[in-house]
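Please read the structure below before turning to the comments.
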Amino acid sequence: MVDIYGKTLECTINGDRPAATFRGGNTEISFWGRIYNTDALQPYAAANDALTVFNIYADGGLEALSRIDGRFLIIITSPDGIAIVRDRHGIFAQLYYTASDFATDLHRLCQAVSGFTPDAESIATFLATGIIPTPRSAFRGVSKLPAGSALVIDRDGRQAIKRLPHAASDTLQMPGDERQLVELYGRLHTDAIKRRTGDNHTVGILLSGGYDSGSNLAALRQCHTGEIRSYSIGFKGDNWTELPLARIMSQRFGTVHTEYEITGEEILHLPEIVRAIGDPFVEGGLMVNHAAMRLAAADRQPVIIGGDGSDQYFGTAGRELALLSLSSRYGLLPLMRLAKSALEHDFTGNNTFLYKVYFRLLSICDALDGELFGFGPWELKHMFPGLPPVKHSPVKPASMDWETLYRLHRQHVDIERTVDQVILFKASRMADMMGNLMAFPFTDLNLLSLLDRVPVSMLCRGASVKEIAKGNCTAKYLLKARYKPLLPPEITSKKKQGGFAPMPIFFNDDNRRRLLADFILSSSICREIADRSRVEKFITRYDAMCHDTSRWFWFRQNEAIKYFSLLSLAVWWEIFVKGKSVTL
């Protein structure tokens with residue numbers, strides 16, 4: 001517990017106690033978490049992480065803390081006020097706060113301060129996108145501190161958010177040719193793994209059947225001679241399961257391998273997940289992370305290596321951005337946006353062809369909004385008539401040139417939104433929930449510095465924008481150039497599914513689906529914010545199509561995500577708004 005002008009910060013990690021503290025003169029540092037790049041922080045580095053922070057802060061102020069690579073929450077108390085600092089990607093903990101109260105657990109904040117009212121705009125945003133972006137939360141008057149930021153509080157209690165600068169490594173020497181760049185990427189990646197595994201004899205690793213986890217394992221084997229325990233998640237009865245590929249990787253690199261197949265019944269754990277996360281949250285990989293962390297928790301590894309962040313550090317949506325660029329160049333974009341707007345009605349849900357058209361138009365026209373799985377404007381208007389329309393604030397490109405779009409999307413959508421608020425957030429929260437320590441080597445500060453500075457062709461390579469628009473390109477070019485020779489051909493030649501679950505699996509069982517439907521329809525949301533008849537209509541329509549596997553995968557996926565969102569919101573409302581204990 002740390003006093004903040006008469007109030008306490010309730011940090012639920014490590015039993016509330018900081019990992020390290022230091023007082024120098026009239027400045028006090030409380031530090032939770034770990035620093036990974038101590039070797040790069042000379043001459044400020046010390047055995048006490050709080051002293052390391054003090055030395056950096058004393059020399060360069062708050063902005064200098066952006067040089068620290070790790071997972072942490074820092075509180076700095078000085079005569080000028082207090083600053084609460086989150087790590088660069090918000091891996092350690094989310095900070096919820098009001099004008100006078102602070103906690104890393106929304107449930108504990110609600111217990112300490114009663115009377116919060118749900119924020120209608122935030123709830124609408126969640127239903128449309130699956131998240132509530134920082135600094136807003138699901139409650140009016142409660143904020144979330146963005147990753148890589150400091151909450152600065154002066155002596156009069158006035159609060160301001162200060163975004164720490166985007167720090168680049170000042171020691172990274174850029175080579176002049178492609179071969180040297182490939183070698184440098186491999187060396188930095190291996191160094192990132194060594195920083196996170198330390199001298200532990202046993203290391204855990206999440207293992208799928210793709211390049212990212214495979215590259216982590218290949219690099220880990222080069223720098224770690226001890227035991228490696230690998231964990232893989234599959235999906236029962238699903239043709240896309242990657243368990244066979246994970247077994248190939250395990251055999252190649254000699255790991256002690258453990259598997260688990262998701263059956264769908266895991267959704268019954270949703271109340272404990274919702275309580276642990278805080279704000280309403282839905283994402284295709286949420287239940288995968290939960291299952292993986294449950295699986296690994298039995299072994300209690302000192303650290304578990306995850307492959308999250310690699311896609312986004314290199315950049316995603318290359319094809320969609322190429323199509324957006326070409327559509328703008330040839331004057332087609334206004335017409336495409338008009339067609340998309342016309343299709344934003346519920347009839348697209350009953351016509352596979354029209355839905356495919358709408359889905360493709362959405363992915364191109366709104367590429368700078370990021371993924372928008374969830375309820376569309378028409379559905380929200382009628383199912384939740386009291387909620388305001390969702391406001392999207394896409395970044396504004398300086399030009400529609402493909403490289404400009406790609407770099408803009410990489411920074412603002414891939415990293416600031418997806419990495420900071422979705423994939424690392426849910427992976428870390430699920431690890432915390434199960435008592436595991438997750439580490440993500442692909443988000444190393446040196447790797448970010450390298451990928452920020454290389455030509456776009458080292459990130460996503462294609463012969464031309466038109467070829468990229470056709471899908472003829474190589475994503476994550478540097479990574480694949482480095483690790484393709486080291487990985488089994490079964491891995492490098494197979495199209496990757498991605499780190500998400502086929503969401504219909506959670507609603508395939510008729511009895512379980514009826515149980516979940518009854519919970520939603522009897523929940524407070526159907527009495528207070530939703531049109532119950534519209535919710536019932538959605539559930540009836542889902543029941544009619546749930547076993548129709550002839551429908552397009554992404555249609556079925558998005559409809560299941562909507563169902564998951566309704567259920568998550570109903571569970572959240574009962575726990576956080578009504579203060580009830582919920583089981584499914």
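Naming scheme: A, B, ... for chains in displayed order of the structure tokens; residues 1 onward per chain; ligands 1 onward as shown.
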Test item, helix (DSSP H, G or I) assignment across range 475-577 of chain A, answer as a PyMOL selection string: chain A and resi 477-486+489-492+503-507+510-522+525-528+532-545+553-577
Residue list (strand (DSSP E or B), DSSP) for range 12-228 of chain A, as JSON, numbers by chain: {"A": [20, 21, 22, 23, 24, 27, 28, 29, 30, 31, 32, 33, 34, 35, 70, 71, 72, 73, 74, 75, 76, 77, 78, 81, 82, 83, 84, 85, 86, 96, 97, 102, 103, 118, 136, 139, 143, 144, 149, 150, 151, 152, 153, 154, 159, 160, 161, 162, 163, 202, 203, 204, 205, 206, 227, 228]}
Atoms kept (C-alpha atoms) for selection, written as a JSON list (two decimals), in the first residue's frame:
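Below is the file that was written, part-v6.json:
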```json
[["chain", "number", "residue", "atom", "x", "y", "z"],
["A", 20, "ALA", "CA", 11.82, -2.44, -4.35],
["A", 21, "THR", "CA", 11.86, 0.98, -2.73],
["A", 22, "PHE", "CA", 14.42, 3.76, -2.44],
["A", 23, "ARG", "CA", 14.52, 7.17, -0.87],
["A", 24, "GLY", "CA", 17.03, 9.76, -1.96],
["A", 27, "THR", "CA", 12.28, 11.84, -3.50],
["A", 28, "GLU", "CA", 10.90, 8.35, -2.90],
["A", 29, "ILE", "CA", 10.57, 5.55, -5.44],
["A", 30, "SER", "CA", 8.24, 2.54, -5.13],
["A", 31, "PHE", "CA", 8.79, -0.05, -7.83],
["A", 32, "TRP", "CA", 6.74, -3.12, -8.80],
["A", 33, "GLY", "CA", 7.84, -5.49, -11.56],
["A", 34, "ARG", "CA", 11.10, -6.16, -13.42],
["A", 35, "ILE", "CA", 13.65, -4.31, -15.55],
["A", 70, "GLY", "CA", 10.49, -4.07, -18.61],
["A", 71, "ARG", "CA", 7.18, -4.76, -16.94],
["A", 72, "PHE", "CA", 6.55, -2.36, -14.11],
["A", 73, "LEU", "CA", 4.53, 0.18, -12.21],
["A", 74, "ILE", "CA", 6.47, 3.02, -10.60],
["A", 75, "ILE", "CA", 5.37, 5.63, -8.07],
["A", 76, "ILE", "CA", 7.61, 8.67, -7.65],
["A", 77, "THR", "CA", 6.93, 10.99, -4.72],
["A", 78, "SER", "CA", 8.73, 14.32, -4.67],
["A", 81, "GLY", "CA", 3.91, 15.98, -6.52],
["A", 82, "ILE", "CA", 3.47, 12.34, -7.44],
["A", 83, "ALA", "CA", 3.90, 10.48, -10.71],
["A", 84, "ILE", "CA", 2.56, 6.96, -11.35],
["A", 85, "VAL", "CA", 4.29, 5.42, -14.38],
["A", 86, "ARG", "CA", 3.28, 2.36, -16.42],
["A", 96, "TYR", "CA", -7.75, 2.52, -12.57],
["A", 97, "TYR", "CA", -8.17, 5.88, -10.86],
["A", 102, "PHE", "CA", -6.23, 4.43, -7.18],
["A", 103, "ALA", "CA", -6.15, 0.66, -7.73],
["A", 118, "PRO", "CA", -21.74, 2.88, -16.24],
["A", 136, "ARG", "CA", -11.79, 5.89, -20.59],
["A", 139, "PHE", "CA", -17.57, 3.79, -15.45],
["A", 143, "SER", "CA", -10.04, 6.49, -15.88],
["A", 144, "LYS", "CA", -7.33, 4.07, -17.03],
["A", 149, "SER", "CA", 2.39, 7.07, -19.67],
["A", 150, "ALA", "CA", 2.60, 8.81, -16.31],
["A", 151, "LEU", "CA", -0.25, 10.09, -14.20],
["A", 152, "VAL", "CA", 1.12, 13.30, -12.69],
["A", 153, "ILE", "CA", -0.59, 14.64, -9.56],
["A", 154, "ASP", "CA", 0.42, 18.00, -8.12],
["A", 159, "GLN", "CA", -4.12, 15.34, -12.44],
["A", 160, "ALA", "CA", -2.59, 15.19, -15.90],
["A", 161, "ILE", "CA", -1.51, 12.36, -18.18],
["A", 162, "LYS", "CA", 2.00, 12.68, -19.61],
["A", 163, "ARG", "CA", 2.86, 10.39, -22.50],
["A", 202, "THR", "CA", 13.84, -24.37, -16.55],
["A", 203, "VAL", "CA", 11.93, -22.08, -18.90],
["A", 204, "GLY", "CA", 8.36, -22.33, -20.18],
["A", 205, "ILE", "CA", 7.28, -21.37, -23.68],
["A", 206, "LEU", "CA", 3.93, -21.09, -25.45],
["A", 227, "GLU", "CA", 14.97, -27.77, -19.65],
["A", 228, "ILE", "CA", 12.29, -26.17, -21.80]]
```
Of the listed residues A:Ile56, A:Ile91, A:Leu354, A:Leu567, that which approaches Val582 in chain A most closely, counting only C-alpha atoms: A:Leu567
Give one line per residue of range 331-371 of chain A that approaches range 400-405 of chain A to at most 12 Å, naming the two atoms of the closest pair and their distance in Å to one decimal, counting only C-alpha atoms; sort by chain then ascending residue number and deliver it as CSV.
```
residue,atom,partner,partner_atom,distance
A:Gly331,CA,A:Met400,CA,11.6
A:Leu333,CA,A:Met400,CA,11.0
A:Ile364,CA,A:Leu405,CA,11.8
A:Ala367,CA,A:Leu405,CA,9.3
A:Leu368,CA,A:Leu405,CA,8.2
A:Asp369,CA,A:Leu405,CA,12.0
```
Using all heavy atoms, can you write the selected residues to a file as an mmCIF file, in the first residue's frame?
```cif
data_model
loop_
_atom_site.group_PDB
_atom_site.id
_atom_site.type_symbol
_atom_site.label_atom_id
_atom_site.label_comp_id
_atom_site.auth_asym_id
_atom_site.auth_seq_id
_atom_site.Cartn_x
_atom_site.Cartn_y
_atom_site.Cartn_z
ATOM 1 N N GLY A 331 -9.687 6.801 -57.482
ATOM 2 C CA GLY A 331 -10.946 7.494 -57.251
ATOM 3 C C GLY A 331 -12.108 6.600 -56.863
ATOM 4 O O GLY A 331 -13.272 7.021 -56.967
ATOM 5 N N LEU A 333 -12.541 5.164 -53.775
ATOM 6 C CA LEU A 333 -12.786 5.116 -52.342
ATOM 7 C C LEU A 333 -14.144 5.707 -51.943
ATOM 8 O O LEU A 333 -14.852 5.101 -51.118
ATOM 9 C CB LEU A 333 -11.650 5.816 -51.600
ATOM 10 C CG LEU A 333 -11.559 5.571 -50.090
ATOM 11 C CD1 LEU A 333 -11.547 4.075 -49.773
ATOM 12 C CD2 LEU A 333 -10.315 6.238 -49.521
ATOM 13 N N ILE A 364 -11.098 -2.654 -45.804
ATOM 14 C CA ILE A 364 -10.320 -1.721 -46.623
ATOM 15 C C ILE A 364 -10.607 -0.271 -46.222
ATOM 16 O O ILE A 364 -9.699 0.490 -45.879
ATOM 17 C CB ILE A 364 -10.625 -1.933 -48.121
ATOM 18 C CG1 ILE A 364 -10.223 -3.339 -48.552
ATOM 19 C CG2 ILE A 364 -9.895 -0.878 -48.969
ATOM 20 C CD1 ILE A 364 -10.751 -3.736 -49.918
ATOM 21 N N ALA A 367 -9.499 0.561 -42.633
ATOM 22 C CA ALA A 367 -8.248 -0.103 -42.248
ATOM 23 C C ALA A 367 -7.527 0.648 -41.134
ATOM 24 O O ALA A 367 -6.892 0.036 -40.271
ATOM 25 C CB ALA A 367 -7.331 -0.248 -43.459
ATOM 26 N N LEU A 368 -7.635 1.961 -41.104
ATOM 27 C CA LEU A 368 -6.949 2.746 -40.077
ATOM 28 C C LEU A 368 -7.729 2.803 -38.765
ATOM 29 O O LEU A 368 -7.296 3.454 -37.813
ATOM 30 C CB LEU A 368 -6.669 4.160 -40.592
ATOM 31 C CG LEU A 368 -5.657 4.231 -41.749
ATOM 32 C CD1 LEU A 368 -5.463 5.661 -42.206
ATOM 33 C CD2 LEU A 368 -4.326 3.617 -41.342
ATOM 34 N N ASP A 369 -8.869 2.131 -38.709
ATOM 35 C CA ASP A 369 -9.593 1.964 -37.452
ATOM 36 C C ASP A 369 -9.159 0.704 -36.730
ATOM 37 O O ASP A 369 -9.502 0.496 -35.564
ATOM 38 C CB ASP A 369 -11.110 1.858 -37.697
ATOM 39 C CG ASP A 369 -11.768 3.231 -37.765
ATOM 40 O OD1 ASP A 369 -11.179 4.184 -37.242
ATOM 41 O OD2 ASP A 369 -12.852 3.335 -38.341
#
```
12 Å contact set for range 533-547 of chain A, only C-alpha atoms, chain neighbours under 6 positions out, as JSON, numbers by chain: {"A": [346, 347, 349, 350, 351, 352, 375, 378, 379, 380, 381, 382, 383, 384, 385, 503, 504, 505, 506, 507, 508, 509, 510, 511, 512, 513, 514, 515, 516, 517, 518, 519, 520, 521, 522, 523, 525, 526, 527, 553, 555, 556, 557, 558, 559, 560, 561, 562, 563, 564, 565, 566, 567, 570]}
Contacts of Leu181 in chain A at 9 Å (only C-alpha atoms; same-chain gap of 6+ positions) as JSON, numbers by chain: {"A": [174, 175, 450, 454, 458, 478]}
Keeping only all heavy atoms, write those residues as a tab-separated table (two decimals), in the first residue's frame.
```tsv
chain	number	residue	atom	x	y	z
A	174	MET	N	23.23	0.61	-37.19
A	174	MET	CA	22.50	0.03	-38.32
A	174	MET	C	23.46	-0.43	-39.40
A	174	MET	O	24.27	0.37	-39.90
A	174	MET	CB	21.53	1.06	-38.89
A	174	MET	CG	20.40	1.42	-37.95
A	174	MET	SD	19.27	0.05	-37.63
A	174	MET	CE	18.43	-0.04	-39.21
A	175	PRO	N	23.40	-1.70	-39.78
A	175	PRO	CA	24.28	-2.20	-40.86
A	175	PRO	C	23.81	-1.70	-42.22
A	175	PRO	O	22.70	-1.21	-42.38
A	175	PRO	CB	24.14	-3.72	-40.74
A	175	PRO	CG	22.81	-3.94	-40.11
A	175	PRO	CD	22.58	-2.77	-39.20
A	450	LEU	N	15.18	-1.19	-34.02
A	450	LEU	CA	15.62	-1.68	-35.32
A	450	LEU	C	14.50	-1.59	-36.35
A	450	LEU	O	14.68	-1.05	-37.45
A	450	LEU	CB	16.11	-3.12	-35.19
A	450	LEU	CG	16.46	-3.83	-36.51
A	450	LEU	CD1	17.68	-3.17	-37.16
A	450	LEU	CD2	16.71	-5.31	-36.28
A	454	VAL	N	14.33	0.43	-40.18
A	454	VAL	CA	14.62	-0.27	-41.44
A	454	VAL	C	13.62	0.17	-42.51
A	454	VAL	O	12.54	0.67	-42.20
A	454	VAL	CB	14.54	-1.80	-41.25
A	454	VAL	CG1	15.57	-2.27	-40.25
A	454	VAL	CG2	13.13	-2.24	-40.86
A	458	MET	N	11.76	-4.31	-45.48
A	458	MET	CA	12.26	-5.28	-44.52
A	458	MET	C	11.16	-5.76	-43.57
A	458	MET	O	11.32	-6.76	-42.86
A	458	MET	CB	13.40	-4.67	-43.68
A	458	MET	CG	14.63	-4.29	-44.47
A	458	MET	SD	15.56	-5.75	-45.05
A	458	MET	CE	15.16	-5.68	-46.79
A	478	LEU	N	12.10	-9.75	-42.22
A	478	LEU	CA	13.37	-9.97	-41.53
A	478	LEU	C	13.33	-11.23	-40.67
A	478	LEU	O	14.28	-12.02	-40.65
A	478	LEU	CB	13.71	-8.77	-40.63
A	478	LEU	CG	14.54	-7.63	-41.23
A	478	LEU	CD1	14.81	-6.59	-40.17
A	478	LEU	CD2	15.84	-8.15	-41.81
```
Shell of 8 Å around Ala218 in chain A, only C-alpha atoms, local chain residues under 5 positions omitted, as a ChimeraX atom specification: /A:253,483,486-487
Can you pull out every residue within 12 Å of Gln42 in chain A, counting only C-alpha atoms, but drop anything in the same chain fewer than 3 positions away, and send it as a short mmCIF file (atom, residue, chain, number, x, y, z; two decimals) with all heavy atoms, in the first residue's frame?
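Wrote it out as around_18.cif, contents follow:
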```cif
data_model
loop_
_atom_site.label_atom_id
_atom_site.label_comp_id
_atom_site.auth_asym_id
_atom_site.auth_seq_id
_atom_site.Cartn_x
_atom_site.Cartn_y
_atom_site.Cartn_z
N ASN A 37 16.43 -4.49 -19.35
CA ASN A 37 17.61 -3.98 -20.04
C ASN A 37 18.57 -3.25 -19.11
O ASN A 37 19.11 -2.19 -19.45
CB ASN A 37 17.20 -3.06 -21.20
CG ASN A 37 16.51 -1.78 -20.73
OD1 ASN A 37 15.91 -1.77 -19.65
ND2 ASN A 37 16.58 -0.73 -21.53
N THR A 38 18.81 -3.82 -17.94
CA THR A 38 19.75 -3.21 -16.99
C THR A 38 21.11 -2.99 -17.64
O THR A 38 21.80 -1.99 -17.36
CB THR A 38 19.90 -4.11 -15.74
OG1 THR A 38 18.61 -4.35 -15.19
CG2 THR A 38 20.78 -3.45 -14.71
N ASP A 39 21.51 -3.93 -18.53
CA ASP A 39 22.81 -3.81 -19.18
C ASP A 39 22.92 -2.55 -20.02
O ASP A 39 24.03 -2.02 -20.24
CB ASP A 39 23.07 -5.04 -20.06
CG ASP A 39 21.98 -5.25 -21.09
OD1 ASP A 39 20.79 -5.08 -20.75
OD2 ASP A 39 22.29 -5.60 -22.25
N ALA A 45 22.38 1.91 -13.62
CA ALA A 45 21.86 0.63 -13.13
C ALA A 45 22.42 0.30 -11.76
O ALA A 45 23.58 0.56 -11.45
CB ALA A 45 22.19 -0.47 -14.12
N ALA A 46 21.53 -0.31 -10.94
CA ALA A 46 21.92 -0.75 -9.60
C ALA A 46 21.21 -2.06 -9.30
O ALA A 46 20.29 -2.47 -10.00
CB ALA A 46 21.53 0.32 -8.56
N ALA A 47 21.66 -2.74 -8.26
CA ALA A 47 21.03 -4.00 -7.88
C ALA A 47 19.60 -3.78 -7.43
O ALA A 47 18.74 -4.64 -7.60
CB ALA A 47 21.84 -4.67 -6.77
N THR A 52 17.81 2.21 -9.45
CA THR A 52 18.03 2.45 -10.89
C THR A 52 17.07 3.51 -11.40
O THR A 52 17.46 4.44 -12.11
CB THR A 52 17.82 1.14 -11.67
OG1 THR A 52 18.77 0.17 -11.23
CG2 THR A 52 17.99 1.36 -13.16
N VAL A 53 15.80 3.39 -11.05
CA VAL A 53 14.79 4.38 -11.46
C VAL A 53 15.15 5.76 -10.91
O VAL A 53 15.08 6.77 -11.63
CB VAL A 53 13.39 3.95 -11.00
CG1 VAL A 53 12.37 5.06 -11.27
CG2 VAL A 53 12.96 2.65 -11.69
N ASN A 55 18.06 6.98 -10.11
CA ASN A 55 19.22 7.55 -10.80
C ASN A 55 18.84 8.12 -12.17
O ASN A 55 19.30 9.20 -12.55
CB ASN A 55 20.30 6.47 -10.98
CG ASN A 55 20.92 6.07 -9.66
OD1 ASN A 55 20.92 6.83 -8.69
ND2 ASN A 55 21.48 4.86 -9.61
N ILE A 56 18.02 7.38 -12.90
CA ILE A 56 17.59 7.86 -14.23
C ILE A 56 16.71 9.09 -14.09
O ILE A 56 16.87 10.08 -14.82
CB ILE A 56 16.86 6.73 -14.98
CG1 ILE A 56 17.80 5.56 -15.25
CG2 ILE A 56 16.26 7.25 -16.28
CD1 ILE A 56 17.11 4.33 -15.81
N ARG A 67 13.53 5.03 -21.33
CA ARG A 67 14.66 4.17 -21.69
C ARG A 67 14.59 2.80 -21.03
O ARG A 67 15.30 1.88 -21.40
CB ARG A 67 15.97 4.85 -21.28
CG ARG A 67 16.24 6.17 -22.00
CD ARG A 67 17.48 6.84 -21.44
NE ARG A 67 18.63 5.93 -21.45
CZ ARG A 67 19.76 6.15 -20.78
NH1 ARG A 67 19.87 7.24 -20.04
NH2 ARG A 67 20.75 5.29 -20.86
N ILE A 68 13.71 2.66 -20.01
CA ILE A 68 13.62 1.40 -19.27
C ILE A 68 12.73 0.42 -20.03
O ILE A 68 11.61 0.74 -20.40
CB ILE A 68 13.05 1.63 -17.86
CG1 ILE A 68 13.92 2.62 -17.08
CG2 ILE A 68 12.93 0.31 -17.12
CD1 ILE A 68 13.36 2.97 -15.72
N THR A 171 22.42 3.11 -28.86
CA THR A 171 23.65 2.34 -29.08
C THR A 171 23.54 1.41 -30.29
O THR A 171 24.52 0.74 -30.63
CB THR A 171 23.97 1.49 -27.83
OG1 THR A 171 22.89 0.58 -27.58
CG2 THR A 171 24.16 2.38 -26.61
#
```
Selected residue, from A:Leu343, A:Ser208, A:Pro79, A:Gln421, that lies nearest to Asp156 in chain A when counting only C-alpha atoms: A:Pro79
8 Å contact set for Glu344 in chain A, only C-alpha atoms, chain neighbours under 6 positions out, as a ChimeraX atom specification: /A:358,376-378
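The residue that comes closest to Arg196 in chain A, out of A:Val288, A:Leu323, A:Leu437, A:Ala469 and on the basis of only C-alpha atoms, is A:Leu437.
In this structure, CA of Leu286 in chain A sits 27.4 Å away from CA of Gln251 in chain A.
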Shortest interatomic distance to Ser310 in chain A - which of A:Arg275, A:Arg410, A:Arg195, A:Lys578, counting only C-alpha atoms: A:Arg410
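Considering only C-alpha atoms, the residue among A:Arg88, A:Arg337, A:Arg247, A:Arg532 positioned nearest to Gly214 in chain A is A:Arg247.
Of the residues under consideration (A:Ser215, A:Gln111, A:Thr255, A:Ser428), A:Gln111 shows the shortest atom-to-atom contact distance to Ile575 in chain A when counting only C-alpha atoms.
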